[in-house]
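Peer 1: Next up, protein_19.cif (mmCIF, C-alpha atoms (C1' of nucleotides)).
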data_final
#
loop_
_atom_site.label_atom_id
_atom_site.label_comp_id
_atom_site.auth_asym_id
_atom_site.auth_seq_id
_atom_site.Cartn_x
_atom_site.Cartn_y
_atom_site.Cartn_z
CA MET A 13 -19.79 -17.20 -32.27
CA ALA A 14 -22.64 -15.25 -33.80
CA ASP A 15 -25.31 -16.67 -31.48
CA VAL A 16 -23.67 -15.73 -28.20
CA LYS A 17 -26.02 -13.69 -26.07
CA PRO A 18 -24.67 -10.19 -26.54
CA ILE A 19 -25.69 -8.71 -23.18
CA GLY A 20 -24.21 -11.50 -21.11
CA LYS A 21 -21.02 -11.36 -23.07
CA ALA A 22 -20.76 -7.60 -22.69
CA LEU A 23 -21.29 -7.80 -18.95
CA PHE A 24 -18.77 -10.57 -18.68
CA LEU A 25 -16.16 -8.61 -20.57
CA ARG A 26 -16.96 -5.55 -18.53
CA GLU A 27 -16.43 -7.30 -15.23
CA GLU A 28 -13.27 -8.94 -16.51
CA GLU A 29 -11.97 -5.59 -17.61
CA LEU A 30 -12.75 -3.97 -14.28
CA ARG A 31 -11.08 -6.80 -12.41
CA ARG A 32 -8.11 -6.52 -14.69
CA GLY A 33 -7.80 -2.89 -13.65
CA ILE A 34 -8.15 -3.66 -9.97
CA GLU A 35 -5.49 -6.32 -10.13
CA LEU A 36 -3.12 -4.26 -12.22
CA MET A 37 -3.36 -1.49 -9.65
CA PHE A 38 -2.46 -3.89 -6.89
CA PHE A 39 0.47 -5.50 -8.64
CA ALA A 40 1.80 -2.34 -10.23
CA TYR A 41 1.72 -0.40 -6.99
CA ARG A 42 3.47 -3.19 -5.18
CA ASP A 43 6.22 -3.58 -7.75
CA PHE A 44 6.54 0.16 -8.21
CA THR A 45 7.17 0.72 -4.50
CA GLY A 46 9.12 -2.46 -3.87
CA GLU A 47 12.41 -1.34 -5.33
CA ALA A 48 12.47 1.86 -3.30
CA ASP A 49 11.41 -0.05 -0.20
CA SER A 50 14.55 -2.14 -0.28
CA ILE A 51 16.79 0.94 -0.45
CA LEU A 52 14.84 2.49 2.39
CA ALA A 53 15.21 -0.65 4.47
CA GLU A 54 19.01 -0.28 4.23
CA GLN A 55 18.70 3.08 5.99
CA ASN A 56 16.21 1.75 8.50
CA MET A 57 13.39 3.69 6.94
CA GLY A 58 10.02 2.75 5.63
CA ARG A 59 7.54 3.96 3.11
CA ALA A 60 6.30 6.63 5.48
CA HIS A 61 9.74 8.23 5.49
CA HIS A 62 9.82 8.04 1.73
CA ARG A 63 6.54 9.85 1.36
CA ALA A 64 7.64 12.62 3.70
CA ILE A 65 10.98 13.03 1.95
CA TYR A 66 9.34 12.98 -1.44
CA PHE A 67 6.79 15.69 -0.75
CA ILE A 68 9.20 17.88 1.20
CA GLY A 69 11.61 17.65 -1.71
CA ARG A 70 8.81 18.48 -4.07
CA ASN A 71 7.59 21.41 -1.96
CA PRO A 72 10.57 22.90 -0.16
CA GLY A 73 9.47 25.04 2.77
CA ILE A 74 6.15 23.23 3.08
CA THR A 75 4.44 23.61 6.45
CA VAL A 76 3.67 20.64 8.63
CA SER A 77 -0.05 21.12 8.23
CA ASP A 78 0.19 21.27 4.45
CA LEU A 79 2.19 18.09 4.49
CA LEU A 80 -0.46 16.52 6.69
CA THR A 81 -3.09 17.50 4.14
CA ILE A 82 -1.16 15.80 1.38
CA LEU A 83 -0.42 12.63 3.29
CA CYS A 84 -3.79 12.25 5.02
CA ILE A 85 -2.36 10.82 8.23
CA THR A 86 -2.50 12.05 11.80
CA LYS A 87 0.01 14.56 13.04
CA GLN A 88 1.18 12.04 15.61
CA SER A 89 2.15 9.63 12.86
CA LEU A 90 3.85 12.31 10.85
CA SER A 91 5.58 13.73 13.89
CA ARG A 92 7.20 10.41 14.65
CA VAL A 93 8.50 10.15 11.10
CA LEU A 94 9.68 13.76 10.93
CA SER A 95 11.51 13.51 14.24
CA GLY A 96 13.43 10.56 12.89
CA LEU A 97 14.24 12.30 9.64
CA MET A 98 15.49 15.40 11.46
CA GLN A 99 17.50 13.37 13.93
CA ASP A 100 19.18 11.50 11.10
CA GLY A 101 19.92 14.72 9.24
CA TYR A 102 17.65 14.32 6.23
CA VAL A 103 15.31 17.19 7.05
CA ILE A 104 15.62 20.54 8.77
CA GLN A 105 12.96 23.00 9.80
CA LYS A 106 12.99 26.79 9.88
CA PRO A 107 10.43 28.98 11.59
CA GLY A 108 8.07 30.69 9.17
CA ALA A 109 8.97 34.30 8.31
CA THR A 110 5.50 35.78 8.69
CA ASP A 111 3.92 33.21 11.01
CA ARG A 112 6.54 32.06 13.44
CA ARG A 113 4.44 29.15 14.71
CA GLN A 114 5.01 27.40 11.43
CA ARG A 115 7.99 25.10 10.95
CA LEU A 116 8.90 25.13 7.32
CA LEU A 117 10.41 21.87 6.18
CA TYR A 118 13.43 21.48 3.93
CA LEU A 119 15.62 18.59 2.84
CA THR A 120 19.30 18.75 3.76
CA GLU A 121 21.97 17.84 1.24
CA THR A 122 21.75 14.27 2.49
CA GLY A 123 18.00 14.38 2.19
CA ILE A 124 18.17 15.70 -1.34
CA ALA A 125 20.61 12.95 -2.26
CA LEU A 126 18.34 10.25 -0.93
CA GLU A 127 15.23 11.75 -2.46
CA SER A 128 16.90 11.97 -5.81
CA ARG A 129 18.16 8.41 -5.60
CA LEU A 130 14.70 7.11 -4.81
CA THR A 131 12.91 9.26 -7.34
CA SER A 132 15.30 8.44 -10.14
CA LEU A 133 14.80 4.77 -9.37
CA GLN A 134 11.05 5.06 -9.63
CA GLY A 135 11.43 7.47 -12.50
CA ARG A 136 13.43 4.96 -14.49
CA ARG A 137 10.69 2.42 -14.03
CA PHE A 138 8.14 4.92 -15.28
CA ALA A 139 10.36 6.01 -18.13
CA ALA A 140 10.69 2.42 -19.30
CA ALA A 141 6.96 1.83 -19.03
CA TYR A 142 6.22 5.07 -20.87
CA ARG A 143 8.72 4.22 -23.59
CA GLU A 144 7.24 0.77 -24.15
CA ALA A 145 3.68 1.96 -24.06
CA GLY A 146 4.04 5.06 -26.19
CA VAL A 147 2.93 8.68 -25.86
CA ASP A 148 -0.78 8.08 -26.35
CA ALA A 149 -0.72 5.40 -23.71
CA VAL A 150 0.83 7.83 -21.22
CA ASP A 151 -1.99 10.25 -21.77
CA GLY A 152 -4.55 7.51 -21.24
CA PHE A 153 -2.77 6.30 -18.16
CA GLN A 154 -2.84 9.72 -16.60
CA ARG A 155 -6.46 10.31 -17.49
CA VAL A 156 -7.63 7.05 -15.99
CA LEU A 157 -5.63 7.54 -12.80
CA GLN A 158 -7.02 11.05 -12.57
CA GLY A 159 -10.48 9.58 -12.85
CA LEU A 160 -9.81 7.28 -9.93
CA LEU A 161 -9.14 10.17 -7.57
CA ASP A 162 -11.52 11.55 -5.00
CA SER A 163 -12.66 15.03 -5.86
CA ASP A 164 -10.91 16.38 -2.76
CA THR A 165 -7.66 14.97 -4.03
CA ILE A 166 -8.16 16.58 -7.40
CA ASP A 167 -8.70 19.97 -5.77
CA GLN A 168 -5.65 19.46 -3.63
CA ILE A 169 -3.40 18.57 -6.53
CA ALA A 170 -4.68 21.55 -8.49
CA GLN A 171 -3.86 23.74 -5.52
CA GLN A 172 -0.34 22.38 -5.36
CA ASP A 173 0.18 22.90 -9.06
CA GLN A 174 -0.96 26.46 -8.57
CA ASN A 175 1.67 27.02 -5.89
CA LYS A 176 4.31 25.40 -8.04
CA ARG A 177 3.56 27.59 -11.04
CA TYR A 178 3.75 30.58 -8.74
CA LEU A 179 7.15 29.51 -7.42
CA ILE A 180 8.49 28.80 -10.88
CA ALA A 181 7.38 32.21 -12.07
CA MET A 182 9.20 33.76 -9.10
CA ILE A 183 12.50 31.93 -9.22
CA ALA A 184 12.95 31.30 -12.90
CA PRO A 185 11.29 34.02 -14.96
CA VAL A 186 14.19 33.77 -17.39
CA GLU A 187 12.86 30.41 -18.57
CA SER A 188 9.63 31.86 -19.87
CA LYS A 189 11.19 34.38 -22.28
CA MET B 22 9.40 31.04 -26.38
CA ALA B 23 11.44 30.12 -29.41
CA ASP B 24 14.83 30.68 -27.78
CA VAL B 25 14.35 28.37 -24.82
CA LYS B 26 17.22 25.89 -24.55
CA PRO B 27 15.62 22.74 -25.97
CA ILE B 28 17.56 20.15 -24.00
CA GLY B 29 17.01 21.76 -20.61
CA LYS B 30 13.37 22.22 -21.37
CA ALA B 31 12.98 18.64 -22.53
CA LEU B 32 14.65 17.30 -19.40
CA PHE B 33 12.51 19.52 -17.23
CA LEU B 34 9.34 18.32 -18.89
CA ARG B 35 10.50 14.75 -18.67
CA GLU B 36 11.17 14.93 -14.96
CA GLU B 37 7.88 16.70 -14.39
CA GLU B 38 6.06 14.01 -16.31
CA LEU B 39 7.74 11.24 -14.37
CA ARG B 40 6.94 12.93 -11.07
CA ARG B 41 3.38 13.40 -12.21
CA GLY B 42 3.19 9.66 -12.72
CA ILE B 43 4.72 8.86 -9.36
CA GLU B 44 2.33 11.17 -7.58
CA LEU B 45 -0.71 9.96 -9.48
CA MET B 46 0.13 6.41 -8.48
CA PHE B 47 0.31 7.41 -4.84
CA PHE B 48 -2.91 9.39 -4.77
CA ALA B 49 -4.88 7.06 -7.01
CA TYR B 50 -3.92 3.97 -5.07
CA ARG B 51 -4.81 5.66 -1.82
CA ASP B 52 -8.20 6.86 -2.99
CA PHE B 53 -8.91 3.65 -4.82
CA THR B 54 -8.37 1.55 -1.69
CA GLY B 55 -9.79 4.06 0.78
CA GLU B 56 -13.44 3.41 0.08
CA ALA B 57 -13.09 -0.34 0.54
CA ASP B 58 -11.00 0.20 3.65
CA SER B 59 -13.86 1.91 5.40
CA ILE B 60 -16.25 -0.97 4.70
CA LEU B 61 -13.63 -3.42 5.90
CA ALA B 62 -13.12 -1.42 9.08
CA GLU B 63 -16.83 -1.94 9.89
CA GLN B 64 -16.22 -5.69 9.93
CA ASN B 65 -12.96 -5.35 11.87
CA MET B 66 -10.91 -6.27 8.85
CA GLY B 67 -8.05 -4.64 7.07
CA ARG B 68 -6.57 -4.52 3.64
CA ALA B 69 -4.83 -7.84 4.17
CA HIS B 70 -8.21 -9.54 4.59
CA HIS B 71 -9.46 -7.82 1.48
CA ARG B 72 -6.58 -9.08 -0.62
CA ALA B 73 -7.08 -12.63 0.59
CA ILE B 74 -10.83 -12.52 -0.03
CA TYR B 75 -10.34 -10.97 -3.43
CA PHE B 76 -7.89 -13.54 -4.74
CA ILE B 77 -9.71 -16.50 -3.21
CA GLY B 78 -12.88 -15.26 -4.87
CA ARG B 79 -11.03 -14.86 -8.10
CA ASN B 80 -9.42 -18.32 -7.88
CA PRO B 81 -11.81 -20.63 -6.03
CA GLY B 82 -10.00 -23.68 -4.73
CA ILE B 83 -6.63 -21.94 -4.76
CA THR B 84 -3.98 -23.53 -2.56
CA VAL B 85 -2.36 -21.68 0.29
CA SER B 86 1.00 -21.71 -1.42
CA ASP B 87 -0.39 -20.30 -4.67
CA LEU B 88 -2.07 -17.56 -2.68
CA LEU B 89 1.24 -16.86 -1.00
CA THR B 90 2.87 -16.54 -4.40
CA ILE B 91 0.31 -13.97 -5.47
CA LEU B 92 0.41 -11.93 -2.30
CA CYS B 93 4.18 -12.06 -1.71
CA ILE B 94 3.93 -12.19 2.07
CA THR B 95 5.07 -14.79 4.59
CA LYS B 96 2.92 -17.77 5.44
CA GLN B 97 2.79 -16.55 9.03
CA SER B 98 1.21 -13.29 7.94
CA LEU B 99 -1.23 -15.03 5.65
CA SER B 100 -2.04 -17.64 8.24
CA ARG B 101 -3.10 -15.02 10.73
CA VAL B 102 -5.42 -13.47 8.19
CA LEU B 103 -6.84 -16.79 6.94
CA SER B 104 -7.52 -18.04 10.46
CA GLY B 105 -9.55 -14.94 11.11
CA LEU B 106 -11.48 -15.27 7.87
CA MET B 107 -12.30 -18.92 8.55
CA GLN B 108 -13.28 -18.23 12.13
CA ASP B 109 -15.63 -15.48 10.99
CA GLY B 110 -17.11 -17.70 8.30
CA TYR B 111 -15.90 -15.95 5.18
CA VAL B 112 -13.62 -18.72 3.99
CA ILE B 113 -13.60 -22.51 4.19
CA GLN B 114 -10.92 -24.97 3.23
CA LYS B 115 -11.19 -28.44 1.76
CA PRO B 116 -8.42 -30.98 1.48
CA GLY B 117 -7.08 -31.37 -2.04
CA ALA B 118 -8.48 -34.35 -3.96
CA THR B 119 -5.22 -35.61 -5.41
CA ASP B 120 -2.80 -34.13 -2.89
CA ARG B 121 -4.38 -34.29 0.53
CA ARG B 122 -1.75 -32.05 2.14
CA GLN B 123 -3.22 -29.11 0.30
CA ARG B 124 -6.01 -27.03 1.81
CA LEU B 125 -8.00 -25.60 -1.04
CA LEU B 126 -9.57 -22.26 -0.21
CA TYR B 127 -13.11 -21.19 -1.04
CA LEU B 128 -15.33 -18.29 -0.10
CA THR B 129 -18.52 -19.06 1.77
CA GLU B 130 -21.79 -17.38 0.82
CA THR B 131 -20.94 -14.62 3.29
CA GLY B 132 -17.49 -14.34 1.80
CA ILE B 133 -18.85 -14.10 -1.70
CA ALA B 134 -21.25 -11.41 -0.59
CA LEU B 135 -18.49 -9.33 0.95
CA GLU B 136 -16.15 -9.85 -1.96
CA SER B 137 -18.78 -8.79 -4.38
CA ARG B 138 -19.66 -5.75 -2.34
CA LEU B 139 -16.04 -4.63 -2.22
CA THR B 140 -15.30 -5.42 -5.83
CA SER B 141 -18.37 -3.69 -7.14
CA LEU B 142 -17.41 -0.64 -5.14
CA GLN B 143 -13.97 -0.53 -6.66
CA GLY B 144 -15.37 -1.57 -9.99
CA ARG B 145 -17.74 1.38 -10.00
CA ARG B 146 -14.80 3.70 -9.44
CA PHE B 147 -12.97 2.12 -12.34
CA ALA B 148 -16.04 2.13 -14.53
CA ALA B 149 -16.46 5.85 -13.95
CA ALA B 150 -12.80 6.52 -14.65
CA TYR B 151 -12.91 4.41 -17.80
CA ARG B 152 -16.05 6.11 -18.98
CA GLU B 153 -14.60 9.58 -18.49
CA ALA B 154 -11.28 8.71 -20.04
CA GLY B 155 -12.51 6.75 -23.05
CA VAL B 156 -11.60 3.41 -24.58
CA ASP B 157 -8.19 4.42 -25.91
CA ALA B 158 -7.23 5.76 -22.52
CA VAL B 159 -8.10 2.42 -20.91
CA ASP B 160 -5.78 0.65 -23.26
CA GLY B 161 -2.99 3.09 -22.49
CA PHE B 162 -3.64 2.80 -18.80
CA GLN B 163 -3.31 -0.96 -18.89
CA ARG B 164 -0.21 -0.87 -21.01
CA VAL B 165 1.59 1.56 -18.77
CA LEU B 166 0.66 -0.34 -15.61
CA GLN B 167 1.80 -3.52 -17.29
CA GLY B 168 5.11 -1.83 -18.00
CA LEU B 169 5.54 -0.98 -14.33
CA LEU B 170 5.43 -4.63 -13.31
CA ASP B 171 8.41 -6.78 -12.43
CA SER B 172 8.95 -9.52 -14.96
CA ASP B 173 8.18 -12.15 -12.30
CA THR B 174 4.81 -10.57 -11.80
CA ILE B 175 4.11 -10.61 -15.51
CA ASP B 176 4.88 -14.32 -15.68
CA GLN B 177 2.72 -14.95 -12.67
CA ILE B 178 -0.27 -13.09 -14.09
CA ALA B 179 0.13 -14.92 -17.39
CA GLN B 180 0.11 -18.20 -15.49
CA GLN B 181 -3.08 -17.25 -13.68
CA ASP B 182 -4.75 -16.25 -16.92
CA GLN B 183 -3.78 -19.60 -18.32
CA ASN B 184 -5.45 -21.39 -15.42
CA LYS B 185 -8.51 -19.23 -15.78
CA ARG B 186 -8.89 -19.94 -19.47
CA TYR B 187 -8.57 -23.61 -18.68
CA LEU B 188 -11.29 -23.41 -16.06
CA ILE B 189 -13.60 -21.44 -18.31
CA ALA B 190 -13.14 -23.99 -21.07
CA MET B 191 -14.06 -26.73 -18.58
CA ILE B 192 -17.09 -25.25 -16.90
CA ALA B 193 -18.64 -23.21 -19.67
CA PRO B 194 -17.88 -24.73 -23.07
CA VAL B 195 -21.40 -23.73 -24.15
CA GLU B 196 -20.32 -20.07 -24.24
CA SER B 197 -17.79 -20.65 -26.97
CA LYS B 198 -20.18 -22.05 -29.61
"C1'" DT C 23 -7.74 40.07 26.50
"C1'" DA C 24 -9.94 36.03 24.86
"C1'" DT C 25 -9.93 32.69 21.35
"C1'" DA C 26 -8.15 30.11 17.48
"C1'" DT C 27 -4.39 28.17 15.10
"C1'" DT C 28 0.08 25.65 14.48
"C1'" DG C 29 2.70 22.31 16.08
"C1'" DG C 30 4.60 19.03 19.45
"C1'" DT C 31 4.35 15.32 22.92
"C1'" DC C 32 3.01 11.33 25.84
"C1'" DA C 33 0.48 7.08 26.32
"C1'" DA C 34 -1.84 3.28 24.58
"C1'" DC C 35 -3.53 0.38 21.04
"C1'" DA C 36 -4.31 -2.28 16.35
"C1'" DT C 37 -2.79 -3.95 12.03
"C1'" DG C 38 0.12 -6.30 9.30
"C1'" DG C 39 4.52 -6.97 7.81
"C1'" DC C 40 8.87 -9.81 9.46
"C1'" DT C 41 12.20 -13.75 11.49
"C1'" DG C 42 13.05 -18.07 13.77
"C1'" DA C 43 11.89 -22.40 15.61
"C1'" DC C 44 9.16 -26.30 15.71
"C1'" DG C 45 5.43 -29.82 14.45
"C1'" DT C 46 2.55 -32.91 11.54
"C1'" DA C 47 0.69 -35.14 7.74
"C1'" DA C 48 1.19 -36.62 3.23
"C1'" DA C 49 3.71 -37.29 -0.91
"C1'" DA C 50 7.71 -38.54 -3.43
"C1'" DC C 51 11.84 -40.83 -3.96
"C1'" DC C 52 15.52 -44.37 -3.54
"C1'" DG D 15 10.08 -49.49 3.56
"C1'" DG D 16 12.61 -45.91 5.19
"C1'" DT D 17 14.12 -41.21 4.22
"C1'" DT D 18 13.46 -36.85 2.50
"C1'" DT D 19 10.78 -33.26 0.79
"C1'" DT D 20 6.58 -30.65 0.56
"C1'" DA D 21 2.38 -28.21 2.22
"C1'" DC D 22 0.66 -26.18 5.91
"C1'" DG D 23 0.15 -24.65 10.65
"C1'" DT D 24 1.57 -22.53 15.08
"C1'" DC D 25 3.95 -20.05 18.80
"C1'" DA D 26 6.69 -16.20 20.19
"C1'" DG D 27 8.45 -11.89 19.53
"C1'" DC D 28 9.93 -7.69 16.90
"C1'" DC D 29 9.13 -3.49 14.04
"C1'" DA D 30 6.82 0.13 11.28
"C1'" DT D 31 3.01 2.75 10.85
"C1'" DG D 32 -1.47 3.78 11.34
"C1'" DT D 33 -5.11 5.20 15.11
"C1'" DT D 34 -7.43 7.94 19.45
"C1'" DG D 35 -7.26 10.97 23.32
"C1'" DA D 36 -5.30 14.24 26.33
"C1'" DC D 37 -2.56 17.97 27.13
"C1'" DC D 38 0.82 21.90 26.30
"C1'" DA D 39 3.35 26.06 24.27
"C1'" DA D 40 3.86 29.71 21.18
"C1'" DT D 41 1.75 32.82 18.27
"C1'" DA D 42 -1.93 35.12 15.55
"C1'" DT D 43 -6.10 37.30 15.35
"C1'" DA D 44 -10.74 39.25 16.48
#
Spit out the file's structure as structure tokens when you get a sec.
Peer 2:
Amino acid sequence: MADVKPIGKALFLREEELRRGIELMFFAYRDFTGEADSILAEQNMGRAHHRAIYFIGRNPGITVSDLLTILCITKQSLSRVLSGLMQDGYVIQKPGATDRRQRLLYLTETGIALESRLTSLQGRRFAAAYREAGVDAVDGFQRVLQGLLDSDTIDQIAQQDQNKRYLIAMIAPVESK
Amino acid sequence: MADVKPIGKALFLREEELRRGIELMFFAYRDFTGEADSILAEQNMGRAHHRAIYFIGRNPGITVSDLLTILCITKQSLSRVLSGLMQDGYVIQKPGATDRRQRLLYLTETGIALESRLTSLQGRRFAAAYREAGVDAVDGFQRVLQGLLDSDTIDQIAQQDQNKRYLIAMIAPVESK
DNA sequence: TATATTGGTCAACATGGCTGACGTAAAACC
DNA sequence: GGTTTTACGTCAGCCATGTTGACCAATATA
């Protein structure tokens, strides 16, 4: 064991480790979305609907163009999905107060119920994984995933967090005392 | 700050943390696959081709049914992809030595070149993320992703690892001295 | 008033999932 | 040796979701 060429071994381990990461991403993403997919299929919806519902629920009153920025799809694709969601009563839109061209998107009660069902399903999976792996692991997990992001995405998430902090400060100042 | 209701706060943080995970998975998977997608688009291929190429490269001589087990798609879907890959000279198949019904799949030189180009691209992204996040983070990352898997998937990966160790022991026993 | 922005719509197309039905060769079993 | 099962392929068609391109309406803004 002592006379193994160290450089070759290191490279080999490195590639194995990288491949391990690549494969884990593939399998974990598939399994992580699979459970929700089957619920969505019952309602004749797909992953695209889920994404829209999720981010509208997360950002009530979001504009169409902001949602487009998050999802990185064309407005034609989104439009098709949103029309369906509005027709089926999961989403409603209200004209913007200051800019009346905007259509601010909100979940209906039904939409909220579905979103919460889907999110709690995925949340349970995460909660179990977090519990098994431990607190330090969670931190590492988040840091590595963060490192996988494009810089544009990082900016965009930071921007969203900014908006969210602003909203929280507005609607729930009592929490901060 | 001291008189915040502890339970409400804890639940709030918990939900935020879970949502953070859900969102990171979405964005990270998207960005992580996006780069490869654009290379694939140049060759008129999609993600499905990539997955096939990746796992054939990873398991040379894999049977169609084993590949189906890994990918979790129908044989019709896979067949369409494989036909294309063979027609374009990325993949060849050889009849199985013991069971001649099997068609064992291999990458051609061209296939290997493409696989390696795609994997090194994704590998670089992972390497950068790992480097930024540190060794402990990598461990946490892998443990959490592992925890997100279905138990079937875990078994399946273990099985593959088993095969791989067997192969390594066969073809490169010199490494282990 | 002219231009830019926000959002929607129609048409057409590609990818990649799916089901169902059917075929063929080889292996395995009785 | 005949039957059944397995491994794989193929044809046909459907659906969801992405794309491009063109065009339109309402509203904001310089």
Peer 1: Select, from B:Phe48, B:Tyr127, B:Tyr151, B:Tyr111, the residue with the minimum atom-to-atom distance to A:Asp164, counting only C-alpha atoms.
Peer 2: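 Closest to A:Asp164, using only C-alpha atoms: B:Phe48.
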Peer 1: Would you translate the PyMOL selection byres ((chain B) within 8 of (chain A)) into the concrete set of residues it matches in this file, as a PDB file with C-alpha atoms, keeping the file's coordinate frame?
Peer 2:
ATOM      1  CA  MET B  22       9.400  31.040 -26.380  1.00  0.00           C
ATOM      2  CA  ASP B  24      14.830  30.680 -27.780  1.00  0.00           C
ATOM      3  CA  VAL B  25      14.350  28.370 -24.820  1.00  0.00           C
ATOM      4  CA  GLU B  36      11.170  14.930 -14.960  1.00  0.00           C
ATOM      5  CA  LEU B  39       7.740  11.240 -14.370  1.00  0.00           C
ATOM      6  CA  ARG B  40       6.940  12.930 -11.070  1.00  0.00           C
ATOM      7  CA  GLY B  42       3.190   9.660 -12.720  1.00  0.00           C
ATOM      8  CA  ILE B  43       4.720   8.860  -9.360  1.00  0.00           C
ATOM      9  CA  LEU B  45      -0.710   9.960  -9.480  1.00  0.00           C
ATOM     10  CA  MET B  46       0.130   6.410  -8.480  1.00  0.00           C
ATOM     11  CA  PHE B  48      -2.910   9.390  -4.770  1.00  0.00           C
ATOM     12  CA  ALA B  49      -4.880   7.060  -7.010  1.00  0.00           C
ATOM     13  CA  TYR B  50      -3.920   3.970  -5.070  1.00  0.00           C
ATOM     14  CA  ASP B  52      -8.200   6.860  -2.990  1.00  0.00           C
ATOM     15  CA  PHE B  53      -8.910   3.650  -4.820  1.00  0.00           C
ATOM     16  CA  THR B 140     -15.300  -5.420  -5.830  1.00  0.00           C
ATOM     17  CA  GLN B 143     -13.970  -0.530  -6.660  1.00  0.00           C
ATOM     18  CA  GLY B 144     -15.370  -1.570  -9.990  1.00  0.00           C
ATOM     19  CA  ARG B 146     -14.800   3.700  -9.440  1.00  0.00           C
ATOM     20  CA  PHE B 147     -12.970   2.120 -12.340  1.00  0.00           C
ATOM     21  CA  ALA B 148     -16.040   2.130 -14.530  1.00  0.00           C
ATOM     22  CA  ALA B 149     -16.460   5.850 -13.950  1.00  0.00           C
ATOM     23  CA  ALA B 150     -12.800   6.520 -14.650  1.00  0.00           C
ATOM     24  CA  TYR B 151     -12.910   4.410 -17.800  1.00  0.00           C
ATOM     25  CA  GLU B 153     -14.600   9.580 -18.490  1.00  0.00           C
ATOM     26  CA  ALA B 154     -11.280   8.710 -20.040  1.00  0.00           C
ATOM     27  CA  ASP B 157      -8.190   4.420 -25.910  1.00  0.00           C
ATOM     28  CA  ALA B 158      -7.230   5.760 -22.520  1.00  0.00           C
ATOM     29  CA  VAL B 159      -8.100   2.420 -20.910  1.00  0.00           C
ATOM     30  CA  ASP B 160      -5.780   0.650 -23.260  1.00  0.00           C
ATOM     31  CA  GLY B 161      -2.990   3.090 -22.490  1.00  0.00           C
ATOM     32  CA  PHE B 162      -3.640   2.800 -18.800  1.00  0.00           C
ATOM     33  CA  GLN B 163      -3.310  -0.960 -18.890  1.00  0.00           C
ATOM     34  CA  ARG B 164      -0.210  -0.870 -21.010  1.00  0.00           C
ATOM     35  CA  VAL B 165       1.590   1.560 -18.770  1.00  0.00           C
ATOM     36  CA  LEU B 166       0.660  -0.340 -15.610  1.00  0.00           C
ATOM     37  CA  GLN B 167       1.800  -3.520 -17.290  1.00  0.00           C
ATOM     38  CA  GLY B 168       5.110  -1.830 -18.000  1.00  0.00           C
ATOM     39  CA  LEU B 169       5.540  -0.980 -14.330  1.00  0.00           C
ATOM     40  CA  LEU B 170       5.430  -4.630 -13.310  1.00  0.00           C
ATOM     41  CA  ASP B 171       8.410  -6.780 -12.430  1.00  0.00           C
ATOM     42  CA  THR B 174       4.810 -10.570 -11.800  1.00  0.00           C
ATOM     43  CA  GLU B 196     -20.320 -20.070 -24.240  1.00  0.00           C
ATOM     44  CA  SER B 197     -17.790 -20.650 -26.970  1.00  0.00           C
ATOM     45  CA  LYS B 198     -20.180 -22.050 -29.610  1.00  0.00           C
TER      46      LYS B 198
END
Peer 1: Please identify every residue of chain A that has at least one atom no more than 12 Å from any atom of chain C, counting only C-alpha atoms (C1' of nucleotides), and report them as a ChimeraX atom specification.
Peer 2: /A:58,75-78,80,87-92,94-95,107-108,111-116
Peer 1: Counting all atoms listed in the file, collect the residues of chain D whose closest atom lies at most 10 Å from chain B, and write them out as number ranges by chain.
Peer 2: D: 20-24
Peer 1: Do you know which residues lie at most 12 Å from (19.0, 13.5, -3.2), with coordinates as in the file and only C-alpha atoms (C1' of nucleotides) counted, and could you write them as a ChimeraX atom specification?
Peer 2: /A:62,65-66,68-70,102-103,119-133
Peer 1: Record the distance separating atom CA of B:Met107 and atom CA of B:Glu63, expressed in Å with one decimal.
Peer 2: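 The value is 17.6 Å.
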Peer 1: Could you check which residues have any atom within 9 Å of (-12.4, -9.5, 13.9), counting only C-alpha atoms (C1' of nucleotides) with coordinates taken straight from the file, and then list them as JSON, numbers by chain?
Peer 2: {"B": [64, 65, 66, 105, 106, 108, 109]}
Peer 1: For atom CA of B:Leu126 and atom CA of B:Leu88, quote the distance in Å rounded to one decimal.
Peer 2: 9.2 Å
Peer 1: Calculate, to one decimal in Å, the centre and edge lengths of the box along x, y and z of the file that holds all listed atoms of stretch 17-31 of chain D with 8 Å of margin on each side, and present them as lines of an AutoDock Vina configuration file.
Peer 2:
center_x = 7.1
center_y = -19.2
center_z = 10.4
size_x = 30.0
size_y = 60.0
size_z = 35.6
